[in-house]
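Dumped query.txt below, it's compact mmCIF, C-alpha atoms and all ligand atoms:
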# COMPACT_ATOMS: atom_id res chain seq x y z
CA MET F 1 0.00 0.00 0.00
CA ASN F 2 1.30 3.47 -0.87
CA GLY F 3 1.10 5.59 2.30
CA ASP F 4 1.76 8.78 0.29
CA ASN F 5 -1.78 8.65 -1.06
CA TRP F 6 -3.35 8.50 2.38
CA LYS F 7 -5.47 11.50 3.24
CA PRO F 8 -7.00 11.99 6.67
CA ARG F 9 -10.77 12.18 6.74
CA LYS F 10 -11.27 15.76 7.75
CA VAL F 11 -14.44 17.29 9.13
CA VAL F 12 -14.75 21.03 9.75
CA ILE F 13 -17.42 22.22 12.15
CA VAL F 14 -18.39 25.87 11.80
CA GLY F 15 -19.81 27.09 15.10
CA ALA F 16 -18.24 25.75 18.31
CA GLY F 17 -21.23 26.38 20.56
CA ALA F 18 -23.32 23.73 22.29
CA VAL F 19 -24.23 21.79 19.13
CA GLY F 20 -20.88 22.14 17.34
CA SER F 21 -18.81 21.09 20.36
CA THR F 22 -21.08 18.17 21.30
CA PHE F 23 -20.93 16.96 17.71
CA ALA F 24 -17.12 17.24 17.79
CA TYR F 25 -17.14 15.10 20.94
CA THR F 26 -19.42 12.37 19.53
CA LEU F 27 -17.58 12.41 16.20
CA ALA F 28 -14.22 12.01 17.97
CA GLN F 29 -15.62 9.07 19.97
CA SER F 30 -16.88 7.43 16.78
CA GLY F 31 -13.46 7.12 15.14
CA LEU F 32 -14.98 8.21 11.82
CA ALA F 33 -12.63 11.15 11.24
CA GLU F 34 -8.87 11.52 11.62
CA GLU F 35 -9.07 15.31 11.74
CA ILE F 36 -11.70 17.51 13.32
CA GLY F 37 -11.48 21.29 12.97
CA LEU F 38 -13.60 23.72 14.97
CA LEU F 39 -14.11 27.23 13.67
CA ASP F 40 -16.06 29.94 15.45
CA ALA F 41 -16.39 33.71 15.13
CA ASN F 42 -15.52 33.65 18.84
CA HIS F 43 -11.87 32.53 18.70
CA GLU F 44 -11.59 32.15 22.50
CA LEU F 45 -14.59 29.82 22.56
CA ALA F 46 -13.18 27.73 19.70
CA MET F 47 -9.80 27.45 21.46
CA GLY F 48 -11.43 26.53 24.78
CA GLN F 49 -13.49 23.77 23.16
CA VAL F 50 -10.50 22.50 21.16
CA LEU F 51 -8.26 22.23 24.21
CA ASP F 52 -10.96 20.62 26.33
CA LEU F 53 -11.58 18.02 23.61
CA ALA F 54 -7.91 17.54 22.72
CA HIS F 55 -7.09 16.69 26.33
CA GLY F 56 -9.26 13.61 25.83
CA GLN F 57 -7.21 12.51 22.83
CA ALA F 58 -5.59 9.70 24.83
CA PHE F 59 -9.04 8.18 25.31
CA PHE F 60 -10.44 8.74 21.79
CA PRO F 61 -9.69 6.62 18.75
CA SER F 62 -6.82 8.29 16.88
CA VAL F 63 -7.90 11.80 15.93
CA GLN F 64 -6.44 15.30 15.68
CA ILE F 65 -8.66 18.04 17.08
CA ARG F 66 -7.68 21.64 16.41
CA GLU F 67 -8.96 25.09 15.60
CA ALA F 68 -9.81 25.29 11.90
CA GLN F 69 -9.06 28.17 9.55
CA LYS F 70 -11.08 29.06 6.48
CA ALA F 71 -8.33 27.46 4.35
CA ASP F 72 -9.35 24.14 5.92
CA TYR F 73 -12.53 24.18 3.85
CA ALA F 74 -10.46 23.35 0.77
CA ASP F 75 -9.61 19.71 1.54
CA ALA F 76 -12.31 18.92 4.10
CA HIS F 77 -14.47 15.89 3.32
CA LEU F 78 -17.38 17.33 5.25
CA ILE F 79 -18.30 20.76 6.58
CA PHE F 80 -21.07 21.11 9.13
CA ILE F 81 -22.50 24.59 9.70
CA THR F 82 -23.84 25.00 13.23
CA ALA F 83 -23.08 28.74 13.41
CA GLY F 84 -25.98 30.85 14.44
CA SER F 85 -27.09 33.89 16.26
CA LYS F 86 -29.48 33.96 19.18
CA GLN F 87 -32.63 36.12 19.23
CA ARG F 88 -31.91 39.65 20.54
CA PRO F 89 -34.38 41.25 22.97
CA GLY F 90 -37.30 42.61 20.94
CA GLU F 91 -36.02 41.07 17.71
CA SER F 92 -38.63 39.53 15.40
CA ARG F 93 -38.28 35.94 14.15
CA LEU F 94 -37.91 37.30 10.63
CA ALA F 95 -35.08 39.65 11.63
CA LEU F 96 -33.32 36.72 13.33
CA LEU F 97 -33.85 34.59 10.26
CA GLN F 98 -32.36 37.31 8.08
CA ARG F 99 -29.29 37.57 10.30
CA ASN F 100 -28.78 33.81 10.31
CA ALA F 101 -29.29 33.62 6.55
CA LYS F 102 -26.56 36.23 6.17
CA ILE F 103 -24.22 34.15 8.35
CA ILE F 104 -24.89 31.05 6.25
CA GLN F 105 -24.36 32.96 3.00
CA ASP F 106 -21.05 34.37 4.22
CA VAL F 107 -19.83 30.93 5.33
CA MET F 108 -20.98 29.40 2.05
CA ASP F 109 -19.24 32.13 0.01
CA GLU F 110 -15.98 31.36 1.78
CA ILE F 111 -16.39 27.60 1.23
CA VAL F 112 -16.89 28.23 -2.49
CA ARG F 113 -13.97 30.70 -2.57
CA GLN F 114 -11.71 27.99 -1.10
CA ASN F 115 -12.72 25.71 -3.96
CA SER F 116 -13.78 23.11 -1.44
CA SER F 117 -14.65 19.60 -2.54
CA ALA F 118 -16.60 18.91 0.66
CA VAL F 119 -20.17 17.89 1.23
CA VAL F 120 -21.79 20.68 3.25
CA VAL F 121 -24.39 19.95 5.92
CA VAL F 122 -26.38 22.87 7.33
CA VAL F 123 -27.55 22.42 10.92
CA SER F 124 -28.40 25.97 12.02
CA ASN F 125 -32.11 26.74 12.33
CA PRO F 126 -34.45 27.12 10.63
CA VAL F 127 -32.45 24.37 9.00
CA ASP F 128 -34.61 23.76 5.92
CA VAL F 129 -34.75 27.43 4.92
CA LEU F 130 -31.04 27.91 5.55
CA THR F 131 -30.20 24.77 3.55
CA TYR F 132 -32.14 26.21 0.63
CA VAL F 133 -30.29 29.53 0.97
CA ALA F 134 -26.90 27.76 1.19
CA GLN F 135 -27.53 25.49 -1.80
CA LYS F 136 -28.75 28.33 -4.02
CA ARG F 137 -25.89 30.58 -2.94
CA SER F 138 -23.28 27.92 -3.71
CA GLY F 139 -24.48 27.03 -7.19
CA TRP F 140 -23.27 23.48 -6.37
CA PRO F 141 -25.19 20.32 -7.24
CA ARG F 142 -28.07 20.05 -4.81
CA GLY F 143 -26.84 16.74 -3.39
CA ARG F 144 -23.68 18.40 -2.06
CA VAL F 145 -25.37 21.07 0.08
CA ILE F 146 -27.88 19.45 2.37
CA GLY F 147 -29.41 19.97 5.80
CA SER F 148 -29.65 17.78 8.88
CA GLY F 149 -33.38 17.81 8.16
CA THR F 150 -35.55 15.48 10.19
CA VAL F 151 -32.84 12.94 11.05
CA LEU F 152 -33.13 14.00 14.71
CA ASP F 153 -36.94 14.09 14.58
CA SER F 154 -37.01 10.58 13.09
CA ALA F 155 -34.78 9.36 15.94
CA ARG F 156 -37.16 10.98 18.45
CA PHE F 157 -40.08 9.29 16.70
CA ARG F 158 -38.37 5.91 16.92
CA TYR F 159 -37.53 6.46 20.59
CA LEU F 160 -41.08 7.40 21.53
CA LEU F 161 -42.57 4.48 19.56
CA SER F 162 -40.07 2.18 21.19
CA GLN F 163 -41.06 3.40 24.66
CA TYR F 164 -44.77 3.28 23.89
CA CYS F 165 -44.78 -0.14 22.24
CA GLY F 166 -42.11 -1.77 24.41
CA VAL F 167 -39.94 -2.72 21.39
CA ASP F 168 -36.19 -2.17 21.06
CA VAL F 169 -35.62 1.12 19.23
CA HIS F 170 -33.33 -0.71 16.77
CA ASN F 171 -36.33 -2.73 15.57
CA VAL F 172 -38.46 0.38 15.10
CA HIS F 173 -38.28 1.90 11.61
CA ALA F 174 -40.02 5.22 11.27
CA TYR F 175 -39.54 8.57 9.56
CA ILE F 176 -40.55 12.14 10.11
CA LEU F 177 -40.74 14.10 6.86
CA GLY F 178 -41.00 17.78 5.95
CA GLU F 179 -39.93 20.73 8.05
CA HIS F 180 -37.68 20.28 11.07
CA GLY F 181 -40.29 22.14 13.05
CA ASP F 182 -43.97 22.55 13.76
CA SER F 183 -45.29 21.43 10.37
CA GLU F 184 -43.33 18.15 10.31
CA VAL F 185 -45.15 15.02 9.17
CA ALA F 186 -45.13 11.62 10.89
CA ALA F 187 -45.04 9.14 7.99
CA TRP F 188 -47.10 6.33 9.53
CA SER F 189 -47.31 4.65 6.14
CA LEU F 190 -43.52 4.01 6.31
CA THR F 191 -43.52 2.85 9.93
CA ASN F 192 -42.80 -0.77 10.79
CA MET F 193 -41.65 -2.92 13.68
CA ALA F 194 -38.99 -5.33 12.46
CA GLY F 195 -40.61 -5.28 9.03
CA VAL F 196 -44.18 -5.63 10.29
CA PRO F 197 -46.20 -2.61 9.06
CA ILE F 198 -47.53 -0.59 12.01
CA GLU F 199 -51.17 -1.29 11.01
CA GLN F 200 -50.54 -5.02 11.33
CA TYR F 201 -48.37 -4.61 14.39
CA CYS F 202 -51.09 -2.73 16.28
CA VAL F 203 -53.57 -5.56 15.58
CA LEU F 204 -51.04 -8.15 16.77
CA CYS F 205 -50.13 -6.17 19.87
CA GLY F 206 -53.61 -5.06 20.96
CA LYS F 207 -52.18 -2.91 23.79
CA CYS F 208 -53.85 0.37 22.80
CA GLU F 209 -57.56 0.89 23.30
CA ASP F 210 -57.62 3.59 20.64
CA TRP F 211 -54.51 3.46 18.50
CA GLU F 212 -55.59 6.43 16.36
CA ALA F 213 -55.50 8.56 19.53
CA SER F 214 -52.20 7.00 20.59
CA ARG F 215 -50.69 7.83 17.22
CA ARG F 216 -51.80 11.44 17.45
CA LYS F 217 -50.28 11.67 20.93
CA ILE F 218 -46.96 10.18 19.80
CA ALA F 219 -46.70 12.45 16.74
CA GLU F 220 -47.45 15.52 18.89
CA ALA F 221 -44.86 14.44 21.46
CA VAL F 222 -42.23 14.11 18.69
CA ARG F 223 -43.13 17.54 17.31
CA ASP F 224 -42.94 19.17 20.76
CA SER F 225 -39.79 17.33 21.95
CA ALA F 226 -37.45 20.27 21.48
CA TYR F 227 -39.81 22.66 23.31
CA HIS F 228 -39.79 20.42 26.40
CA ILE F 229 -35.99 20.19 26.44
CA ILE F 230 -35.69 23.94 25.90
CA ASP F 231 -38.07 24.52 28.84
CA TYR F 232 -35.89 22.31 31.03
CA LYS F 233 -32.37 23.35 30.02
CA GLY F 234 -32.52 26.12 27.42
CA ALA F 235 -31.38 24.26 24.28
CA THR F 236 -30.75 20.80 22.83
CA TRP F 237 -27.36 19.37 21.93
CA PHE F 238 -26.76 15.67 22.79
CA ALA F 239 -29.13 13.84 20.44
CA VAL F 240 -28.44 16.28 17.61
CA GLY F 241 -24.70 15.63 18.06
CA LEU F 242 -25.36 11.91 17.59
CA ALA F 243 -27.65 12.53 14.60
CA LEU F 244 -24.88 14.57 12.94
CA THR F 245 -22.39 11.78 13.63
CA ARG F 246 -24.77 9.37 11.89
CA ILE F 247 -24.88 11.67 8.84
CA ALA F 248 -21.08 12.01 8.92
CA GLY F 249 -20.73 8.21 8.97
CA ALA F 250 -23.00 7.78 5.96
CA VAL F 251 -20.87 10.22 3.92
CA LEU F 252 -17.37 9.32 5.17
CA ARG F 253 -17.98 5.58 4.82
CA ASN F 254 -19.93 5.91 1.55
CA GLU F 255 -22.71 3.89 3.17
CA ASN F 256 -25.71 4.57 0.89
CA SER F 257 -27.74 4.92 4.08
CA VAL F 258 -31.30 6.12 3.95
CA LEU F 259 -31.65 9.21 6.13
CA THR F 260 -34.24 11.99 6.11
CA VAL F 261 -31.82 14.83 5.48
CA SER F 262 -33.09 18.12 4.06
CA ALA F 263 -32.66 18.25 0.28
CA VAL F 264 -33.68 20.84 -2.30
CA LEU F 265 -36.56 19.36 -4.26
CA GLU F 266 -37.00 19.72 -8.00
CA GLY F 267 -40.34 18.06 -8.55
CA GLU F 268 -39.96 15.13 -6.16
CA TYR F 269 -43.15 14.66 -4.15
CA ASN F 270 -44.64 17.23 -6.58
CA LEU F 271 -42.68 19.93 -4.75
CA SER F 272 -40.09 22.46 -5.90
CA GLY F 273 -38.43 25.64 -4.64
CA VAL F 274 -37.98 24.26 -1.16
CA SER F 275 -35.65 22.09 0.91
CA LEU F 276 -37.12 19.67 3.44
CA GLY F 277 -36.66 16.28 5.06
CA VAL F 278 -37.32 13.34 2.73
CA PRO F 279 -35.77 9.86 2.64
CA CYS F 280 -32.46 10.21 0.80
CA ILE F 281 -29.67 7.81 -0.10
CA LEU F 282 -26.54 9.30 1.37
CA SER F 283 -23.08 8.43 0.05
CA GLN F 284 -19.66 10.09 -0.18
CA ARG F 285 -21.16 12.49 -2.74
CA GLY F 286 -23.90 13.63 -0.35
CA VAL F 287 -27.46 12.94 -1.44
CA ASP F 288 -27.15 10.51 -4.33
CA ARG F 289 -30.85 9.93 -4.73
CA ILE F 290 -34.09 11.13 -3.21
CA LEU F 291 -36.38 8.18 -2.55
CA GLN F 292 -39.76 9.04 -3.95
CA VAL F 293 -42.21 7.04 -1.90
CA LYS F 294 -45.87 7.06 -2.85
CA LEU F 295 -47.46 8.48 0.28
CA PRO F 296 -51.16 8.17 1.10
CA PRO F 297 -53.09 11.40 0.30
CA ALA F 298 -53.25 12.62 3.94
CA GLU F 299 -49.45 12.38 4.32
CA GLN F 300 -48.75 13.84 0.86
CA ASN F 301 -51.07 16.78 1.65
CA ALA F 302 -49.41 17.32 5.02
CA LEU F 303 -46.01 17.33 3.30
CA ALA F 304 -47.27 19.90 0.78
CA ARG F 305 -48.52 22.08 3.68
CA SER F 306 -45.13 21.79 5.35
CA ALA F 307 -43.46 22.87 2.09
CA THR F 308 -45.78 25.89 1.91
CA VAL F 309 -44.75 26.98 5.42
CA LEU F 310 -41.09 26.85 4.37
CA GLN F 311 -41.66 28.51 1.00
CA GLU F 312 -43.38 31.42 2.76
CA MET F 313 -40.30 31.89 4.95
CA ILE F 314 -38.05 31.79 1.88
CA VAL F 315 -40.17 34.47 0.18
CA GLN F 316 -40.14 36.62 3.33
CA LEU F 317 -36.35 36.53 3.39
CA GLN F 318 -36.03 38.65 0.24
CA LEU F 319 -32.26 38.30 0.18
CA PRO F 320 -30.90 40.24 -2.79
CA GLY F 321 -29.01 38.09 -5.21
CA SER F 322 -29.34 34.96 -3.11
CA LEU F 323 -32.39 33.14 -4.39
N1 LIG R 1 -31.02 20.98 12.94
C1 LIG R 1 -31.17 20.49 14.16
O1 LIG R 1 -31.66 19.36 14.33
C2 LIG R 1 -30.76 21.35 15.32
C3 LIG R 1 -30.83 20.88 16.63
C4 LIG R 1 -30.41 21.72 17.66
C5 LIG R 1 -29.94 23.00 17.38
N2 LIG R 1 -29.90 23.43 16.09
C6 LIG R 1 -29.42 24.77 15.72
O2 LIG R 1 -28.00 24.76 15.71
C7 LIG R 1 -27.54 26.10 15.86
C8 LIG R 1 -26.46 26.17 16.94
O3 LIG R 1 -27.03 25.91 18.20
P1 LIG R 1 -26.13 26.04 19.53
O4 LIG R 1 -26.99 25.65 20.67
O5 LIG R 1 -24.82 25.40 19.30
O6 LIG R 1 -25.91 27.63 19.56
P2 LIG R 1 -24.70 28.41 20.26
O7 LIG R 1 -25.14 29.82 20.41
O8 LIG R 1 -24.24 27.64 21.46
O9 LIG R 1 -23.52 28.31 19.16
C9 LIG R 1 -23.55 29.01 17.97
C10 LIG R 1 -22.13 29.44 17.68
O10 LIG R 1 -22.07 30.03 16.38
C11 LIG R 1 -21.04 30.99 16.43
N3 LIG R 1 -21.12 31.89 15.27
C12 LIG R 1 -22.02 32.88 15.03
N4 LIG R 1 -21.76 33.46 13.84
C13 LIG R 1 -20.69 32.82 13.31
C14 LIG R 1 -19.97 32.92 12.10
N5 LIG R 1 -20.30 33.86 11.19
N6 LIG R 1 -18.93 32.09 11.88
C15 LIG R 1 -18.57 31.17 12.80
N7 LIG R 1 -19.24 31.00 13.98
C16 LIG R 1 -20.28 31.81 14.22
C17 LIG R 1 -21.24 31.68 17.76
O11 LIG R 1 -20.08 32.37 18.17
C18 LIG R 1 -21.59 30.51 18.66
O12 LIG R 1 -20.47 29.99 19.32
C19 LIG R 1 -28.78 26.95 16.20
O13 LIG R 1 -29.24 27.58 15.02
C20 LIG R 1 -29.78 25.89 16.66
O14 LIG R 1 -31.11 26.32 16.51
C21 LIG R 1 -30.29 22.63 15.06

Is it possible to give me this structure as structure tokens?
Amino acid sequence: MNGDNWKPRKVVIVGAGAVGSTFAYTLAQSGLAEEIGLLDANHELAMGQVLDLAHGQAFFPSVQIREAQKADYADAHLIFITAGSKQRPGESRLALLQRNAKIIQDVMDEIVRQNSSAVVVVVSNPVDVLTYVAQKRSGWPRGRVIGSGTVLDSARFRYLLSQYCGVDVHNVHAYILGEHGDSEVAAWSLTNMAGVPIEQYCVLCGKCEDWEASRRKIAEAVRDSAYHIIDYKGATWFAVGLALTRIAGAVLRNENSVLTVSAVLEGEYNLSGVSLGVPCILSQRGVDRILQVKLPPAEQNALARSATVLQEMIVQLQLPGSL
């Protein structure tokens, strides 16, 4: 084997706050990357996180953790954007969205300027709108600029089903589609327990008196998960860190995994001009293929409503030259 051709798998994380640093920690534990770079507008924060993580290097699989520079975009395999601004007192949601869109555009411009060959994953919220902004700004193929989408929501869905039904979460297959947010759609038609469609499983199980009501309750609990955590501790970071590590694994190992990342649609599901969570095949190139599943009318309509919510936000943004 020629060692000269060896290139470390390098992941750059933009934004070293709660989500970026937790992701760096879970990624380092996973052994998926040989190099992890953290970059933040707050240099002191980035350095603090880097040192804190690097001191664990003796306990991680082999990995270099350091502060990244913009030049690191060039040969990174993956760039995750978790940079974001918090709402200022009295600031409207739209004004916050505009500020965060500007941050994403600036980061994306620099990634393009560095002639990067990376796959870019947007994480900052509202993730679907910002993914759309980033992809359009880059001019790159849509599969290479994607969002974390509803990968986390789908994991929450599986967890809650697992708890409710008393089945190991690894045997629960279920997807949340659409917006990572209030209009998200629980795709019951794609839900199965170890291959047994949920309709059949509920008949076999017989635990619920009214499984329609149970389903509504579970879907609402998934949708409201983040609100509960935010009420308790102000923000979420652990499960999202793991969800991002799962996405990183699919790309770095060229897995062809099916994950509900956010992808810009061009007619799939009869939707265009929007990015949202749909089942995608994820490889080293990013989204290789969007799986077009025939959804029952209620789910298809709910997905279309979710797309409308996101499209309205995109229109409101009115970013000159960006869309
Ligand atoms: N998609 C998901 O599933 C999901 C889940 C949880 C959180 N989030 C989102 O992730 C984002 C980060 O959350 P957090 O809790 O880590 O926030 P945080 O405030 O702890 O961290 C954000 C970091 O971004 C940095 N930053 C701001 N502008 C920057 C720029 N131009 N370049 C580099 N760094 C910059 C800030 O200095 C800060 O350290 C938020 O938008 C949050 O809503 C998404």

Show me a table, sorted first by chain and then by increasing residue number, of the residues of chain F having an atom at most 8 Å from ligand LIG 1 (chain R), each with its shortest atom pair and the distance in Å to one decimal, counting all atoms listed in the file and written as a tab-separated table.
residue	atom	partner	partner_atom	distance
F:Val14	CA	R:LIG1	C15	5.4
F:Gly15	CA	R:LIG1	O10	3.9
F:Ala16	CA	R:LIG1	O12	4.9
F:Gly17	CA	R:LIG1	O9	3.3
F:Ala18	CA	R:LIG1	O5	3.7
F:Val19	CA	R:LIG1	O5	3.7
F:Gly20	CA	R:LIG1	O5	5.5
F:Ser21	CA	R:LIG1	O5	7.5
F:Leu39	CA	R:LIG1	C15	6.0
F:Asp40	CA	R:LIG1	N7	3.7
F:Ala41	CA	R:LIG1	C15	4.1
F:Asn42	CA	R:LIG1	O11	4.8
F:Leu45	CA	R:LIG1	O12	6.7
F:Ala46	CA	R:LIG1	O12	7.6
F:Thr82	CA	R:LIG1	C7	4.7
F:Ala83	CA	R:LIG1	O10	3.4
F:Gly84	CA	R:LIG1	O10	4.4
F:Ser85	CA	R:LIG1	C12	5.3
F:Lys86	CA	R:LIG1	O7	6.1
F:Asn100	CA	R:LIG1	O13	7.8
F:Ile103	CA	R:LIG1	N5	4.8
F:Ile104	CA	R:LIG1	N5	7.3
F:Asp106	CA	R:LIG1	N5	7.0
F:Val107	CA	R:LIG1	N5	6.6
F:Val122	CA	R:LIG1	N1	7.5
F:Val123	CA	R:LIG1	N1	4.3
F:Ser124	CA	R:LIG1	O13	3.5
F:Asn125	CA	R:LIG1	O13	4.0
F:Pro126	CA	R:LIG1	O14	6.8
F:Val127	CA	R:LIG1	N1	5.4
F:Gly147	CA	R:LIG1	N1	7.4
F:Ser148	CA	R:LIG1	N1	5.3
F:Gly149	CA	R:LIG1	N1	6.2
F:Thr150	CA	R:LIG1	O1	6.9
F:Val151	CA	R:LIG1	O1	7.3
F:Leu152	CA	R:LIG1	O1	5.6
F:Asp153	CA	R:LIG1	O1	7.5
F:His180	CA	R:LIG1	O1	6.9
F:Ala235	CA	R:LIG1	O4	5.9
F:Thr236	CA	R:LIG1	C4	5.3
F:Trp237	CA	R:LIG1	C4	5.7
F:Val240	CA	R:LIG1	C3	5.3
F:Ala243	CA	R:LIG1	O1	7.9

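A straight line drawn from CA of Phe238 (chain F) to CA of Thr26 (chain F) is 8.7 Å long.
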
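The interatomic distance for the pair CA of Pro296 (chain F) and CA of Asn256 (chain F) works out to 25.7 Å.
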
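As for CA of Gln98 (chain F) and CA of Ser262 (chain F), they are spaced 19.6 Å apart.
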
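Within 7 Å of region 171-178 of chain F there are Thr150, Asp153, Ser154, Phe157, Arg158, Ser162, Glu184, Val185, Ala186, Ala187, Leu190, Thr191, Asn192, Met193, Ala194, Thr260, Leu276, Gly277, Val278, Leu303, Ser306 and Ala307 of chain F, counting only C-alpha atoms and ignoring same-chain residues fewer than 5 positions away.
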
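For the residues F:Leu53, F:Ile230, F:Val274, F:Ala221, ranking by smallest atom-to-atom distance to Glu312 (chain F) using all atoms listed in the file places F:Val274 first.
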
Practice task
For Trp140 (chain F), work out the shell of residues within 12 Å, counting only C-alpha atoms and skipping chain neighbours fewer than 4 positions away, then give it as an NGL selection string.
Solution key: :F and (108-109 or 111-112 or 115-120 or 132-136 or 144-146 or 264 or 285-286)

Using the file's own x, y and z axes, what box holds all listed atoms of region 134-151 of chain F with 8 Å on each side, keeping edges along x, y and z, and what are its centre and edge lengths in Å to one decimal, as lines of an AutoDock Vina configuration file?
center_x = -29.4
center_y = 21.8
center_z = 1.9
size_x = 28.3
size_y = 33.6
size_z = 34.3

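If all atoms listed in the file are the atoms counted, then among F:Ala302, F:Ile229, F:Val50, F:Val258 the closest residue to Asp182 (chain F) is F:Ala302.
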
Problem - Non-local contacts of Val293 (chain F) (10 Å; all atoms listed in the file; under 4 positions in same chain excluded) as a ChimeraX atom specification - result: /F:189-190,268-269,278-279,300

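Shortest separation to Gly143 (chain F) among F:Ser30, F:Gln200, F:Thr131, F:Ser225 occurs at residue F:Thr131, atoms counted being all atoms listed in the file.
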
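Distance check against Phe80 (chain F) using all atoms listed in the file: of F:Leu271, F:Leu295, F:Ala304, F:Val12, the minimum falls on F:Val12.
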
Practice task
Skip Glu34 (chain F) itself and residues of its chain fewer than 3 positions away, then list as number ranges by chain all residues within 10 Å of it, counting all atoms listed in the file.
Solution key: F: 7-11, 27-28, 31, 61-65

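Taking all atoms listed in the file into account, Arg223 (chain F) lies nearest to F:Ala155 out of the set F:Leu94, F:Leu291, F:Ala155, F:Leu252.
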
Handout entry: Selected residue of minimal separation from Val129 (chain F) among F:Glu67, F:Glu179, F:Glu110, F:Glu91, counting all atoms listed in the file
Key = F:Glu179
